[in-house]
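A.B. asks: Okay, handing you the structure first.
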Amino acid sequence: MRLPKKLRLPLAAIAGVPLILAMGASPAQAHIAIAYHGSDYASVSSGHTFVTVYDKEADNNGVYGVFYLYDGTTHQVGDPNGSASGGGSAGFSAGVDWFYVCERNVGCSGVVNA
């Protein structure tokens with residue numbers, strides 16, 4: 001069957017839409033999740049197994065992140081050197097499900113899904 005010339009281009013465009021949409025979507029897009037409390041923050045890597053915690057305020061309040069893993073365990077990771085350069089980090093074999101960051105004597109951020 002031969003299509004009329006007037007229909008060839010519109011039909012080709014319509015047929016290509018699902019292909020273009022499929023190319024741009026993936027089931028689990030990589031991302032980094034971050035929880036902030038003021039300037040302090042904790043983050044979870046795109047692979048969900050590596051975490052960092054940074055104290056960015058020179059206020060003598062320590063900063064730590066609380067990480068709830070998919071295996072049901074909870075881990076706390078702090079910034080060992082306060083607001084000096086660098087931060088704290090840890091790697092886990094089970095992925096992080098959700099987490100939050102706290103500043104001692106001040107409070108905590110909301111929960112962030114990893």
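In the structure tokens, the first chain shown is A, the next is B, and so on; residue numbers restart at 1 for each chain, and ligands run from 1 in the order shown.
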So that I can check the secondary structure, give me every residue of segment 39-111 of chain A assigned strand (DSSP E or B) by backbone DSSP, as a ChimeraX atom specification.

C.D. replies: /A:40-44,50-54,63-69,74-78,88-91,96-103,107-108

A.B. asks: Can I get the selection written as a CSV table (one decimal), in the first residue's frame, with C-alpha atoms?

C.D. replies:
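Result file follows (out.csv):
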chain,number,residue,atom,x,y,z
A,40,ASP,CA,24.9,22.8,57.0
A,41,TYR,CA,24.0,19.8,54.9
A,42,ALA,CA,24.1,16.1,54.4
A,43,SER,CA,23.9,14.4,51.0
A,44,VAL,CA,23.4,10.9,49.6
A,50,PHE,CA,27.8,6.9,49.9
A,51,VAL,CA,26.9,9.8,52.3
A,52,THR,CA,28.6,13.1,53.3
A,53,VAL,CA,28.0,15.6,56.1
A,54,TYR,CA,29.3,19.2,56.1
A,63,VAL,CA,26.5,18.7,62.6
A,64,TYR,CA,25.5,15.1,62.0
A,65,GLY,CA,23.3,13.2,59.5
A,66,VAL,CA,21.0,10.4,60.4
A,67,PHE,CA,20.6,7.8,57.6
A,68,TYR,CA,17.9,5.1,57.5
A,69,LEU,CA,18.9,2.2,55.2
A,74,THR,CA,20.0,3.5,61.1
A,75,HIS,CA,23.5,5.2,61.0
A,76,GLN,CA,24.7,8.5,62.2
A,77,VAL,CA,27.6,10.3,60.5
A,78,GLY,CA,29.1,13.6,61.7
A,88,GLY,CA,32.4,13.5,57.3
A,89,SER,CA,31.5,10.6,55.0
A,90,ALA,CA,30.6,7.0,55.0
A,91,GLY,CA,29.8,4.2,52.6
A,96,VAL,CA,19.9,4.8,52.0
A,97,ASP,CA,16.1,5.1,52.0
A,98,TRP,CA,15.7,8.4,53.8
A,99,PHE,CA,17.8,10.8,55.9
A,100,TYR,CA,18.0,14.2,57.7
A,101,VAL,CA,20.7,16.5,59.0
A,102,CYS,CA,20.9,17.9,62.6
A,103,GLU,CA,22.8,20.7,64.2
A,107,GLY,CA,17.5,21.3,65.6
A,108,CYS,CA,17.1,19.1,62.5

A.B. asks: What does the distance from atom CA of Pro80 of chain A to atom CA of Asp59 of chain A come to in Å, to one decimal?

C.D. replies: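 If I compute the distance from atom CA of Pro80 of chain A to atom CA of Asp59 of chain A, I get 14.5 Å.
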
A.B. asks: Have a look at A:Ala84, A:Val111, A:Ala94, A:Ala33 and name the one nearest to Ser45 of chain A; count only C-alpha atoms.

C.D. replies: A:Ala33

A.B. asks: If you run DSSP on the backbone, which residues of segment 15-112 of chain A are alpha helix (DSSP H), as a list in words?

C.D. replies: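 Those residues are Ala15, Gly16, Val17, Pro18, Leu19, Ile20, Leu21, Ala22, Met23 and Gly24 of chain A.
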
A.B. asks: Measuring atom to atom with only C-alpha atoms, identify which of A:Gly95, A:Gly38, A:Gly62, A:Lys56 is nearest to Ala114 of chain A.

C.D. replies: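 The answer is A:Gly95, which sits nearest to Ala114 of chain A.
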
A.B. asks: Ranking A:Ala35, A:Asp55, A:His48, A:Gly110 by minimum distance to Gly87 of chain A and counting only C-alpha atoms, which one comes first?

C.D. replies: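 Comparing A:Ala35, A:Asp55, A:His48, A:Gly110 against Gly87 of chain A, the winner is A:Asp55.
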
A.B. asks: So how far away is atom CA of Asn81 of chain A from atom CA of His31 of chain A, in Å?

C.D. replies: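 We find that atom CA of His31 of chain A and atom CA of Asn81 of chain A lie 27.0 Å from each other.
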
A.B. asks: Rank nothing, just name the residue among A:Ile32, A:His37, A:Asn113, A:Asn105 nearest to Asn61 of chain A, using only C-alpha atoms.

C.D. replies: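 Of A:Ile32, A:His37, A:Asn113, A:Asn105, the one nearest Asn61 of chain A, counting only C-alpha atoms, is A:Asn105.
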
A.B. asks: Given the choices A:Ser39, A:Ser93, A:Ser46, A:Ser109, which gets closest to Tyr70 of chain A if the distance is worked out from only C-alpha atoms?

C.D. replies: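 Among the listed residues, A:Ser93 lies closest to Tyr70 of chain A.
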